[in-house]
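Okay, start-v1.pdb now, which holds PDB, C-alpha atoms and all ligand atoms:
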ATOM      1  CA  SER A 683     -79.884  24.559  72.351
ATOM      2  CA  LYS A 684     -83.610  24.211  71.896
ATOM      3  CA  ALA A 685     -85.101  21.518  69.700
ATOM      4  CA  LYS A 686     -86.243  22.707  66.290
ATOM      5  CA  VAL A 687     -89.788  21.845  65.333
ATOM      6  CA  PHE A 688     -91.438  22.492  61.994
ATOM      7  CA  VAL A 689     -95.205  23.084  62.162
ATOM      8  CA  SER A 690     -97.018  22.544  58.867
ATOM      9  CA  ARG A 691     -99.715  25.215  59.234
ATOM     10  CA  ASP A 692    -100.418  28.280  61.335
ATOM     11  CA  ASP A 693    -103.957  27.457  62.467
ATOM     12  CA  PHE A 694    -103.323  24.635  64.953
ATOM     13  CA  PRO A 695    -105.065  25.098  68.340
ATOM     14  CA  ALA A 696    -103.112  27.444  70.598
ATOM     15  CA  GLU A 697    -102.846  25.250  73.683
ATOM     16  CA  GLY A 698    -100.758  22.604  71.931
ATOM     17  CA  MET A 699     -98.643  25.240  70.219
ATOM     18  CA  ASN A 700     -97.964  26.966  73.540
ATOM     19  CA  LEU A 701     -96.777  23.709  75.095
ATOM     20  CA  LEU A 702     -94.246  23.347  72.311
ATOM     21  CA  LYS A 703     -93.172  26.985  72.373
ATOM     22  CA  GLU A 704     -92.040  26.684  75.986
ATOM     23  CA  ARG A 705     -89.362  24.207  75.044
ATOM     24  CA  CYS A 706     -88.763  24.329  71.315
ATOM     25  CA  ASP A 707     -87.959  26.717  68.514
ATOM     26  CA  LEU A 708     -90.931  26.588  66.198
ATOM     27  CA  GLU A 709     -90.960  27.374  62.541
ATOM     28  CA  ILE A 710     -94.585  27.637  61.524
ATOM     29  CA  TRP A 711     -95.712  27.518  57.899
ATOM     30  CA  PRO A 712     -97.867  30.586  57.124
ATOM     31  CA  LEU A 713    -100.969  29.576  55.173
ATOM     32  CA  LYS A 714    -101.060  32.955  53.478
ATOM     33  CA  LYS A 715     -98.251  31.518  51.349
ATOM     34  CA  GLY A 716    -100.608  28.716  50.288
ATOM     35  CA  LEU A 717    -100.665  25.087  51.366
ATOM     36  CA  LEU A 718     -97.323  23.598  52.272
ATOM     37  CA  SER A 719     -95.474  22.003  49.362
ATOM     38  CA  ARG A 720     -93.570  18.748  49.332
ATOM     39  CA  ASP A 721     -90.400  20.660  48.463
ATOM     40  CA  GLU A 722     -90.743  22.664  51.643
ATOM     41  CA  LEU A 723     -91.097  19.456  53.663
ATOM     42  CA  VAL A 724     -87.959  18.062  52.014
ATOM     43  CA  LYS A 725     -86.119  21.246  52.922
ATOM     44  CA  GLN A 726     -87.393  21.192  56.513
ATOM     45  CA  ILE A 727     -86.799  17.524  57.295
ATOM     46  CA  LYS A 728     -83.081  18.041  56.685
ATOM     47  CA  VAL A 729     -82.696  20.672  59.379
ATOM     48  CA  LYS A 730     -85.344  20.032  62.042
ATOM     49  CA  ASP A 731     -85.738  17.628  64.969
ATOM     50  CA  ALA A 732     -89.463  17.123  64.669
ATOM     51  CA  PHE A 733     -92.541  17.711  62.498
ATOM     52  CA  TYR A 734     -95.957  18.705  63.785
ATOM     53  CA  ILE A 735     -98.342  17.955  60.924
ATOM     54  CA  ALA A 736    -101.915  17.175  59.931
ATOM     55  CA  LEU A 737    -103.497  14.703  57.577
ATOM     56  CA  GLY A 738    -103.001  16.791  54.450
ATOM     57  CA  ASP A 739     -99.214  16.502  54.817
ATOM     58  CA  LYS A 740     -97.995  13.457  52.963
ATOM     59  CA  ILE A 741     -94.918  11.780  54.403
ATOM     60  CA  ASP A 742     -93.593   9.230  51.951
ATOM     61  CA  LYS A 743     -90.509   7.077  51.759
ATOM     62  CA  GLU A 744     -88.599   9.444  49.480
ATOM     63  CA  LEU A 745     -89.196  12.352  51.794
ATOM     64  CA  LEU A 746     -88.027  10.336  54.794
ATOM     65  CA  LYS A 747     -84.769   9.590  52.966
ATOM     66  CA  SER A 748     -83.991  13.302  53.150
ATOM     67  CA  ALA A 749     -84.229  13.351  56.949
ATOM     68  CA  GLY A 750     -81.249  14.951  58.649
ATOM     69  CA  LYS A 751     -79.439  13.094  61.427
ATOM     70  CA  ASN A 752     -81.247  15.020  64.158
ATOM     71  CA  PHE A 753     -84.706  14.276  62.863
ATOM     72  CA  LYS A 754     -86.507  12.139  65.444
ATOM     73  CA  VAL A 755     -90.239  12.348  65.388
ATOM     74  CA  ILE A 756     -93.318  13.062  63.322
ATOM     75  CA  SER A 757     -96.397  14.014  65.271
ATOM     76  CA  THR A 758     -99.673  14.102  63.388
ATOM     77  CA  MET A 759    -102.784  15.749  64.765
ATOM     78  CA  SER A 760    -104.976  12.897  63.535
ATOM     79  CA  VAL A 761    -105.839   9.351  64.429
ATOM     80  CA  GLY A 762    -105.515   8.243  60.814
ATOM     81  CA  LEU A 763    -102.015   7.484  59.574
ATOM     82  CA  ASP A 764    -102.603   6.737  55.924
ATOM     83  CA  HIS A 765    -100.760   9.928  54.930
ATOM     84  CA  ILE A 766     -97.565   8.596  56.513
ATOM     85  CA  ASP A 767     -95.406   5.699  55.337
ATOM     86  CA  VAL A 768     -95.170   4.207  58.824
ATOM     87  CA  ALA A 769     -92.976   1.256  57.815
ATOM     88  CA  ALA A 770     -90.449   3.521  56.126
ATOM     89  CA  ALA A 771     -90.390   5.792  59.169
ATOM     90  CA  LYS A 772     -89.726   2.853  61.441
ATOM     91  CA  GLU A 773     -86.891   1.717  59.211
ATOM     92  CA  ALA A 774     -85.424   5.202  59.411
ATOM     93  CA  LYS A 775     -85.823   5.069  63.225
ATOM     94  CA  ILE A 776     -88.231   7.987  63.175
ATOM     95  CA  ARG A 777     -90.960   7.787  65.788
ATOM     96  CA  ILE A 778     -94.578   8.593  65.001
ATOM     97  CA  GLY A 779     -97.150  10.107  67.313
ATOM     98  CA  TYR A 780    -100.888  10.316  66.590
ATOM     99  CA  THR A 781    -104.062  11.251  68.452
ATOM    100  CA  PRO A 782    -106.341   8.305  69.264
ATOM    101  CA  ASP A 783    -109.044   8.309  71.976
ATOM    102  CA  VAL A 784    -109.488  12.080  72.289
ATOM    103  CA  LEU A 785    -111.562  12.161  69.092
ATOM    104  CA  THR A 786    -113.454   8.895  69.436
ATOM    105  CA  GLU A 787    -116.685  10.298  70.903
ATOM    106  CA  ALA A 788    -116.783  13.331  68.612
ATOM    107  CA  THR A 789    -116.321  11.180  65.524
ATOM    108  CA  ALA A 790    -118.880   8.627  66.665
ATOM    109  CA  GLU A 791    -121.284  11.483  67.366
ATOM    110  CA  LEU A 792    -120.887  12.843  63.843
ATOM    111  CA  THR A 793    -121.471   9.344  62.490
ATOM    112  CA  ILE A 794    -124.811   9.296  64.298
ATOM    113  CA  GLY A 795    -125.445  12.743  62.826
ATOM    114  CA  LEU A 796    -124.927  11.391  59.325
ATOM    115  CA  LEU A 797    -127.173   8.405  59.997
ATOM    116  CA  ILE A 798    -129.987  10.744  60.975
ATOM    117  CA  ALA A 799    -129.220  13.302  58.264
ATOM    118  CA  THR A 800    -129.422  10.651  55.548
ATOM    119  CA  SER A 801    -132.252   8.493  56.856
ATOM    120  CA  ARG A 802    -134.447  11.457  57.842
ATOM    121  CA  ARG A 803    -133.397  13.458  54.789
ATOM    122  CA  LEU A 804    -132.475  16.554  56.786
ATOM    123  CA  PHE A 805    -130.549  18.448  54.120
ATOM    124  CA  GLU A 806    -133.008  17.568  51.370
ATOM    125  CA  ALA A 807    -135.892  18.724  53.563
ATOM    126  CA  ASN A 808    -134.104  21.918  54.518
ATOM    127  CA  LYS A 809    -133.420  22.650  50.859
ATOM    128  CA  ALA A 810    -137.067  21.974  49.945
ATOM    129  CA  LEU A 811    -138.263  24.416  52.609
ATOM    130  CA  ARG A 812    -135.919  27.122  51.397
ATOM    131  CA  CYS A 813    -136.993  26.605  47.759
ATOM    132  CA  GLY A 814    -140.662  26.979  48.625
ATOM    133  CA  ASP A 815    -141.468  23.297  48.003
ATOM    134  CA  TRP A 816    -143.158  23.007  51.409
ATOM    135  CA  LYS A 817    -146.783  23.406  50.319
ATOM    136  CA  SER A 818    -148.613  21.879  53.276
ATOM    137  CA  TRP A 819    -148.039  19.225  55.905
ATOM    138  CA  SER A 820    -148.172  16.031  53.885
ATOM    139  CA  PRO A 821    -148.377  12.498  55.303
ATOM    140  CA  LEU A 822    -145.651  10.845  53.261
ATOM    141  CA  TRP A 823    -143.553  13.827  52.263
ATOM    142  CA  MET A 824    -139.870  13.526  53.268
ATOM    143  CA  CYS A 825    -140.368  10.163  54.920
ATOM    144  CA  GLY A 826    -137.325   8.025  55.489
ATOM    145  CA  PRO A 827    -136.538   4.727  57.177
ATOM    146  CA  GLY A 828    -135.444   5.924  60.647
ATOM    147  CA  LEU A 829    -133.103   4.039  62.931
ATOM    148  CA  GLU A 830    -135.503   2.299  65.318
ATOM    149  CA  GLY A 831    -135.740  -1.413  64.630
ATOM    150  CA  SER A 832    -133.074  -1.315  61.934
ATOM    151  CA  THR A 833    -130.075  -3.561  61.413
ATOM    152  CA  ILE A 834    -126.799  -1.704  61.571
ATOM    153  CA  GLY A 835    -123.591  -3.011  60.007
ATOM    154  CA  ILE A 836    -120.300  -1.554  61.206
ATOM    155  CA  PHE A 837    -117.200  -2.170  59.112
ATOM    156  CA  GLY A 838    -114.195  -1.647  61.390
ATOM    157  CA  PHE A 839    -114.946  -2.220  65.039
ATOM    158  CA  GLY A 840    -112.170  -0.268  66.771
ATOM    159  CA  ARG A 841    -112.620   2.556  69.232
ATOM    160  CA  ILE A 842    -114.847   4.644  66.974
ATOM    161  CA  GLY A 843    -116.922   1.757  65.619
ATOM    162  CA  GLN A 844    -117.619   0.500  69.133
ATOM    163  CA  SER A 845    -118.553   3.968  70.328
ATOM    164  CA  VAL A 846    -121.005   4.317  67.428
ATOM    165  CA  ALA A 847    -122.535   0.965  68.395
ATOM    166  CA  LYS A 848    -122.956   2.028  72.030
ATOM    167  CA  LYS A 849    -124.640   5.279  71.053
ATOM    168  CA  LEU A 850    -126.956   3.433  68.663
ATOM    169  CA  LEU A 851    -128.353   1.260  71.452
ATOM    170  CA  ALA A 852    -130.177   4.363  72.694
ATOM    171  CA  PHE A 853    -131.922   4.584  69.313
ATOM    172  CA  ARG A 854    -133.401   1.093  69.807
ATOM    173  CA  VAL A 855    -131.883  -0.452  66.721
ATOM    174  CA  SER A 856    -132.703  -4.141  66.484
ATOM    175  CA  ARG A 857    -129.280  -5.611  65.657
ATOM    176  CA  ILE A 858    -125.728  -4.439  65.323
ATOM    177  CA  LEU A 859    -123.469  -6.491  63.066
ATOM    178  CA  TYR A 860    -119.787  -5.817  62.672
ATOM    179  CA  CYS A 861    -116.788  -7.032  60.836
ATOM    180  CA  GLY A 862    -113.225  -6.210  61.602
ATOM    181  CA  ARG A 863    -109.802  -7.708  61.849
ATOM    182  CA  LYS A 864    -110.553  -9.353  65.180
ATOM    183  CA  LYS A 865    -113.639 -10.814  66.719
ATOM    184  CA  LYS A 866    -114.166  -8.830  69.922
ATOM    185  CA  GLU A 867    -114.769 -11.371  72.684
ATOM    186  CA  GLY A 868    -117.538 -10.617  75.127
ATOM    187  CA  ASN A 869    -118.325  -7.188  73.764
ATOM    188  CA  GLU A 870    -120.886  -5.713  76.144
ATOM    189  CA  ILE A 871    -122.681  -4.023  73.259
ATOM    190  CA  GLY A 872    -124.077  -7.328  72.055
ATOM    191  CA  ALA A 873    -122.833  -6.702  68.522
ATOM    192  CA  ILE A 874    -122.641  -9.758  66.302
ATOM    193  CA  HIS A 875    -119.513 -10.632  64.340
ATOM    194  CA  THR A 876    -120.231 -11.527  60.682
ATOM    195  CA  ASP A 877    -118.356 -11.744  57.412
ATOM    196  CA  PHE A 878    -118.308  -8.773  55.059
ATOM    197  CA  ASP A 879    -120.853 -10.069  52.539
ATOM    198  CA  CYS A 880    -123.344 -11.032  55.208
ATOM    199  CA  LEU A 881    -123.008  -7.592  56.803
ATOM    200  CA  LEU A 882    -123.756  -5.959  53.442
ATOM    201  CA  LYS A 883    -126.750  -8.171  52.699
ATOM    202  CA  GLU A 884    -128.379  -7.845  56.102
ATOM    203  CA  SER A 885    -127.841  -4.232  57.085
ATOM    204  CA  ASP A 886    -130.182  -1.275  56.651
ATOM    205  CA  PHE A 887    -127.268   1.022  57.416
ATOM    206  CA  VAL A 888    -123.661   0.216  56.578
ATOM    207  CA  ILE A 889    -121.158   2.333  58.473
ATOM    208  CA  VAL A 890    -117.429   2.519  57.737
ATOM    209  CA  ASN A 891    -115.165   3.028  60.752
ATOM    210  CA  CYS A 892    -111.962   1.259  59.718
ATOM    211  CA  SER A 893    -108.580   2.755  59.029
ATOM    212  CA  LEU A 894    -107.297   2.997  55.471
ATOM    213  CA  THR A 895    -104.629   0.350  54.864
ATOM    214  CA  PRO A 896    -103.645  -1.740  51.824
ATOM    215  CA  GLU A 897    -106.214  -4.321  53.049
ATOM    216  CA  THR A 898    -109.099  -1.854  53.203
ATOM    217  CA  LYS A 899    -108.298   0.189  50.089
ATOM    218  CA  CYS A 900    -111.348   0.273  47.786
ATOM    219  CA  VAL A 901    -113.039  -2.657  49.549
ATOM    220  CA  PHE A 902    -116.407  -1.017  48.920
ATOM    221  CA  ASN A 903    -116.610  -1.637  45.172
ATOM    222  CA  LYS A 904    -119.349  -2.257  42.645
ATOM    223  CA  ASP A 905    -119.797  -5.924  43.633
ATOM    224  CA  LYS A 906    -120.098  -5.020  47.292
ATOM    225  CA  PHE A 907    -122.623  -2.220  46.732
ATOM    226  CA  SER A 908    -124.691  -4.637  44.654
ATOM    227  CA  LEU A 909    -125.011  -6.897  47.711
ATOM    228  CA  MET A 910    -126.587  -4.109  49.764
ATOM    229  CA  LYS A 911    -130.349  -3.661  50.027
ATOM    230  CA  PRO A 912    -131.922  -1.105  47.657
ATOM    231  CA  THR A 913    -133.330   0.593  50.772
ATOM    232  CA  SER A 914    -129.988   0.732  52.575
ATOM    233  CA  ILE A 915    -127.841   3.737  53.435
ATOM    234  CA  PHE A 916    -124.047   3.897  53.375
ATOM    235  CA  VAL A 917    -122.179   6.130  55.853
ATOM    236  CA  ASN A 918    -118.434   6.776  55.831
ATOM    237  CA  THR A 919    -116.633   8.720  58.558
ATOM    238  CA  ALA A 920    -113.301   6.942  58.055
ATOM    239  CA  ARG A 921    -111.412   7.558  54.812
ATOM    240  CA  GLY A 922    -112.526   8.076  51.225
ATOM    241  CA  GLY A 923    -109.908   5.610  50.011
ATOM    242  CA  VAL A 924    -111.869   2.703  51.475
ATOM    243  CA  VAL A 925    -114.469   3.273  48.743
ATOM    244  CA  ASP A 926    -114.397   2.963  44.970
ATOM    245  CA  GLN A 927    -116.097   6.327  44.620
ATOM    246  CA  GLU A 928    -117.175   5.844  41.001
ATOM    247  CA  ALA A 929    -118.927   2.642  42.049
ATOM    248  CA  LEU A 930    -120.623   4.460  44.922
ATOM    249  CA  LEU A 931    -121.750   7.246  42.588
ATOM    250  CA  GLU A 932    -123.266   4.702  40.198
ATOM    251  CA  ALA A 933    -124.927   2.838  43.038
ATOM    252  CA  LEU A 934    -126.560   6.084  44.187
ATOM    253  CA  GLN A 935    -127.541   7.221  40.695
ATOM    254  CA  ASN A 936    -128.994   3.819  39.771
ATOM    255  CA  LYS A 937    -130.724   3.361  43.142
ATOM    256  CA  VAL A 938    -128.725   0.223  43.889
ATOM    257  CA  ILE A 939    -128.678   1.713  47.403
ATOM    258  CA  ALA A 940    -130.932   4.429  48.788
ATOM    259  CA  GLY A 941    -128.481   6.985  50.080
ATOM    260  CA  ALA A 942    -125.087   7.879  51.435
ATOM    261  CA  GLY A 943    -123.614  10.157  54.072
ATOM    262  CA  LEU A 944    -119.925  10.917  53.634
ATOM    263  CA  ASP A 945    -117.567  12.858  55.861
ATOM    264  CA  CYS A 946    -114.639  11.765  53.739
ATOM    265  CA  MET A 947    -114.189  11.339  50.022
ATOM    266  CA  ASN A 948    -111.673  11.475  47.210
ATOM    267  CA  PRO A 949    -110.189  13.956  46.663
ATOM    268  CA  GLU A 950    -110.565  16.294  49.620
ATOM    269  CA  PRO A 951    -111.756  18.912  49.064
ATOM    270  CA  ILE A 952    -114.046  17.352  46.463
ATOM    271  CA  PRO A 953    -114.678  19.699  43.496
ATOM    272  CA  THR A 954    -117.942  21.572  44.022
ATOM    273  CA  ASP A 955    -119.185  20.412  40.605
ATOM    274  CA  HIS A 956    -118.499  16.724  41.304
ATOM    275  CA  PRO A 957    -121.523  14.548  40.392
ATOM    276  CA  LEU A 958    -121.852  13.409  44.036
ATOM    277  CA  THR A 959    -122.662  17.002  44.994
ATOM    278  CA  LYS A 960    -125.663  16.925  42.636
ATOM    279  CA  LEU A 961    -127.442  14.046  44.338
ATOM    280  CA  ASP A 962    -130.276  14.621  46.798
ATOM    281  CA  ASN A 963    -129.669  11.194  48.318
ATOM    282  CA  CYS A 964    -126.071  11.983  49.227
ATOM    283  CA  VAL A 965    -125.027  14.108  52.210
ATOM    284  CA  LEU A 966    -121.469  15.403  52.003
ATOM    285  CA  LEU A 967    -119.526  16.930  54.884
ATOM    286  CA  PRO A 968    -116.033  18.465  54.715
ATOM    287  CA  HIS A 969    -114.153  16.002  56.967
ATOM    288  CA  ILE A 970    -115.421  17.349  60.284
ATOM    289  CA  GLY A 971    -115.700  14.076  62.231
ATOM    290  CA  SER A 972    -113.526  15.213  65.117
ATOM    291  CA  ALA A 973    -114.510  18.872  64.882
ATOM    292  CA  THR A 974    -115.648  19.656  68.394
ATOM    293  CA  PHE A 975    -113.725  22.357  70.262
ATOM    294  CA  GLY A 976    -112.855  19.843  72.958
ATOM    295  CA  SER A 977    -111.573  17.126  70.645
ATOM    296  CA  ARG A 978    -109.595  19.365  68.356
ATOM    297  CA  ASN A 979    -107.968  21.086  71.294
ATOM    298  CA  ALA A 980    -107.138  17.767  72.975
ATOM    299  CA  MET A 981    -105.720  16.450  69.706
ATOM    300  CA  GLY A 982    -103.484  19.500  69.470
ATOM    301  CA  VAL A 983    -102.251  19.044  73.040
ATOM    302  CA  LEU A 984    -101.642  15.312  72.609
ATOM    303  CA  ALA A 985     -99.719  15.950  69.393
ATOM    304  CA  ALA A 986     -97.510  18.415  71.301
ATOM    305  CA  GLN A 987     -96.997  16.017  74.216
ATOM    306  CA  ASN A 988     -95.962  13.324  71.753
ATOM    307  CA  ILE A 989     -93.218  15.542  70.378
ATOM    308  CA  LEU A 990     -91.950  16.617  73.791
ATOM    309  CA  ALA A 991     -91.755  13.010  74.990
ATOM    310  CA  ALA A 992     -89.926  11.843  71.868
ATOM    311  CA  LEU A 993     -87.428  14.701  72.098
ATOM    312  CA  ASP A 994     -86.596  13.476  75.628
ATOM    313  CA  ASP A 995     -86.426   9.845  74.465
ATOM    314  CA  ARG A 996     -89.316   9.115  76.794
ATOM    315  CA  GLU A 997     -92.371   6.972  76.201
ATOM    316  CA  MET A 998     -94.806   8.938  74.055
ATOM    317  CA  PRO A 999     -98.439   9.235  75.236
ATOM    318  CA  ALA A1000     -99.633   7.919  71.848
ATOM    319  CA  GLU A1001     -97.002   6.378  69.605
ATOM    320  CA  ILE A1002     -97.770   4.099  66.714
ATOM    321  CA  LYS A1003     -95.838   0.854  66.975
ATOM    322  CA  VAL A1004     -95.668  -1.343  63.917
TER     323      VAL A1004
HETATM  324  C1  LIG B1101    -109.304  12.444  61.027
HETATM  325  O1  LIG B1101    -109.708  11.988  59.982
HETATM  326  C2  LIG B1101    -108.245  11.845  61.769
HETATM  327  O2  LIG B1101    -107.631  10.878  61.294
HETATM  328  O3  LIG B1101    -107.970  12.319  62.874
HETATM  329  C1  LIG B1102    -109.900   4.946  65.708
HETATM  330  O1  LIG B1102    -109.634   5.656  66.670
HETATM  331  C2  LIG B1102    -110.550   3.653  65.834
HETATM  332  O2  LIG B1102    -109.948   2.790  66.487
HETATM  333  O3  LIG B1102    -111.654   3.472  65.330
END

Could you write out this file's structure as structure tokens?
Amino acid sequence: SKAKVFVSRDDFPAEGMNLLKERCDLEIWPLKKGLLSRDELVKQIKVKDAFYIALGDKIDKELLKSAGKNFKVISTMSVGLDHIDVAAAKEAKIRIGYTPDVLTEATAELTIGLLIATSRRLFEANKALRCGDWKSWSPLWMCGPGLEGSTIGIFGFGRIGQSVAKKLLAFRVSRILYCGRKKKEGNEIGAIHTDFDCLLKESDFVIVNCSLTPETKCVFNKDKFSLMKPTSIFVNTARGGVVDQEALLEALQNKVIAGAGLDCMNPEPIPTDHPLTKLDNCVLLPHIGSATFGSRNAMGVLAAQNILAALDDREMPAEIKV
């Protein structure tokens, strides 16, 4: 009989879904019933062979305890894994697939977008134009620091962080600093490894590109923001959980730092009346880092290939090994 796969929403890209449909029986959660509940996941994990999920679907230890004996694999259409208790899955001998590489360039590209949007005040300027505040061309109106000649600090120097650094070379930045778990030997980008505090003190732009783990949870706190330059800009395209958001809000309100560009925050979606949404020096995007047609489609396909490989007990194209 065909493998039974539960799919957590009905708007995944078609190409990946079609790959699965050829070989599996799919039960697809219809979003018209609302977002999937934990109870539904508990019900499904008992009777299915695999889950095809996204980053809004939390897979915790308790849930994994309900897994039926046929349940083999969780495939998430994301590179981030902070919504999954990976250690508990491993203990339960459940394999986990994710989608690295295919979203690296798109996410790095959006990071550059946020650097420009914040430093050149794109949204603020657009809003001013629409409100009729554009009275005449004015020499210092809407000026910002720009990227040329700046010092960039990248926190988390994996695939995405390194891709951001490479793209930034074309903008003629003067230095790229990074900190991460490992010093990258002979990196051809010429980025300089520093400690966290030094990166904060020296950088004109601080960019977060790490994954969210117990080690990186809330590492950007009040003390750390206070080390940054008052002219500096903070950009996060990783996970909101890396930041103490109250501390960031205060730092922006009190001009401890000059601005922020966030593609991720806490919670998501952030309430539309949240104080961060009121600030002109804060650009907020609804978690669209990987949102190019090409990347999202490739993520969907890779997530499907991961399931098919695991169902055959083959090597998965992208499996997380702990
Ligand atoms: C997006 O945030 C992802 O993890 O793919
Ligand atoms: C994620 O893909 C990273 O390594 O930055």

Inset, instruction - Determine the residue set returned by the PyMOL selection byres (((chain A and resi 891) around 6) and not hetatm) for the present structure, and present it as a PyMOL selection string. - result: chain A and resi 837-838+843+890+892+920

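Here, the PyMOL selection byres (((not hetatm)) within 9 of (chain B and resi 1101)) matches Ala736, Leu737, Thr758, Met759, Ser760, Val761, Gly762, Leu763, Asp764, Tyr780, Thr781, Pro782, Leu785, Thr789, Ser893, Thr919, Ala920, Arg921, Asp945, Cys946, His969, Ile970, Gly971, Ser972 and Met981 of chain A.
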
Legend entry - Option closest in space to Asn752 in chain A, from A:Leu859, A:Ile776, A:Leu930, A:Ala788 [counting all atoms listed in the file]: A:Ile776

Inset, instruction - Would you kindly translate the PyMOL selection byres (((chain A and resi 798-813) around 8) and not hetatm) into the concrete residues it picks from this file, as a PyMOL selection string? - result: chain A and resi 794-797+814-816+824-829+915+941-943+962-965

Take the residues from that selection and put them in a file with C-alpha atoms, as a short mmCIF file (atom, residue, chain, number, x, y, z; two decimals), in the frame of the given file.
data_model
loop_
_atom_site.label_atom_id
_atom_site.label_comp_id
_atom_site.auth_asym_id
_atom_site.auth_seq_id
_atom_site.Cartn_x
_atom_site.Cartn_y
_atom_site.Cartn_z
CA ILE A 794 -124.81 9.30 64.30
CA GLY A 795 -125.44 12.74 62.83
CA LEU A 796 -124.93 11.39 59.32
CA LEU A 797 -127.17 8.40 60.00
CA GLY A 814 -140.66 26.98 48.62
CA ASP A 815 -141.47 23.30 48.00
CA TRP A 816 -143.16 23.01 51.41
CA MET A 824 -139.87 13.53 53.27
CA CYS A 825 -140.37 10.16 54.92
CA GLY A 826 -137.32 8.02 55.49
CA PRO A 827 -136.54 4.73 57.18
CA GLY A 828 -135.44 5.92 60.65
CA LEU A 829 -133.10 4.04 62.93
CA ILE A 915 -127.84 3.74 53.44
CA GLY A 941 -128.48 6.98 50.08
CA ALA A 942 -125.09 7.88 51.44
CA GLY A 943 -123.61 10.16 54.07
CA ASP A 962 -130.28 14.62 46.80
CA ASN A 963 -129.67 11.19 48.32
CA CYS A 964 -126.07 11.98 49.23
CA VAL A 965 -125.03 14.11 52.21
#

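Nearest residue to Phe975 in chain A, choosing from A:Ser748, A:Val784, A:Thr793, A:Ile766 and counting all atoms listed in the file: A:Val784.
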
Let me know the centre plus edge lengths, in Å and rounded to one decimal, of a box with edges along x, y and z that contains all listed atoms of ligand LIG 1102 (chain B) and is padded by 3 Å on every side, as AutoDock Vina command-line options.
--center_x -110.6 --center_y 4.2 --center_z 66.0 --size_x 8.0 --size_y 8.9 --size_z 7.3

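Note that the spacing between CA of Gly922 in chain A and CA of Asn869 in chain A amounts to 27.8 Å.
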
Inset, instruction - Kindly indicate which residue among A:Asp886, A:Asp692, A:Glu787, A:Glu997 lies nearest to ligand LIG 1102 (chain B), using only C-alpha atoms and all ligand atoms for the distances. - result: A:Glu787

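We find CA of Ile836 in chain A and CA of Ile858 in chain A to be spaced 7.4 Å apart.
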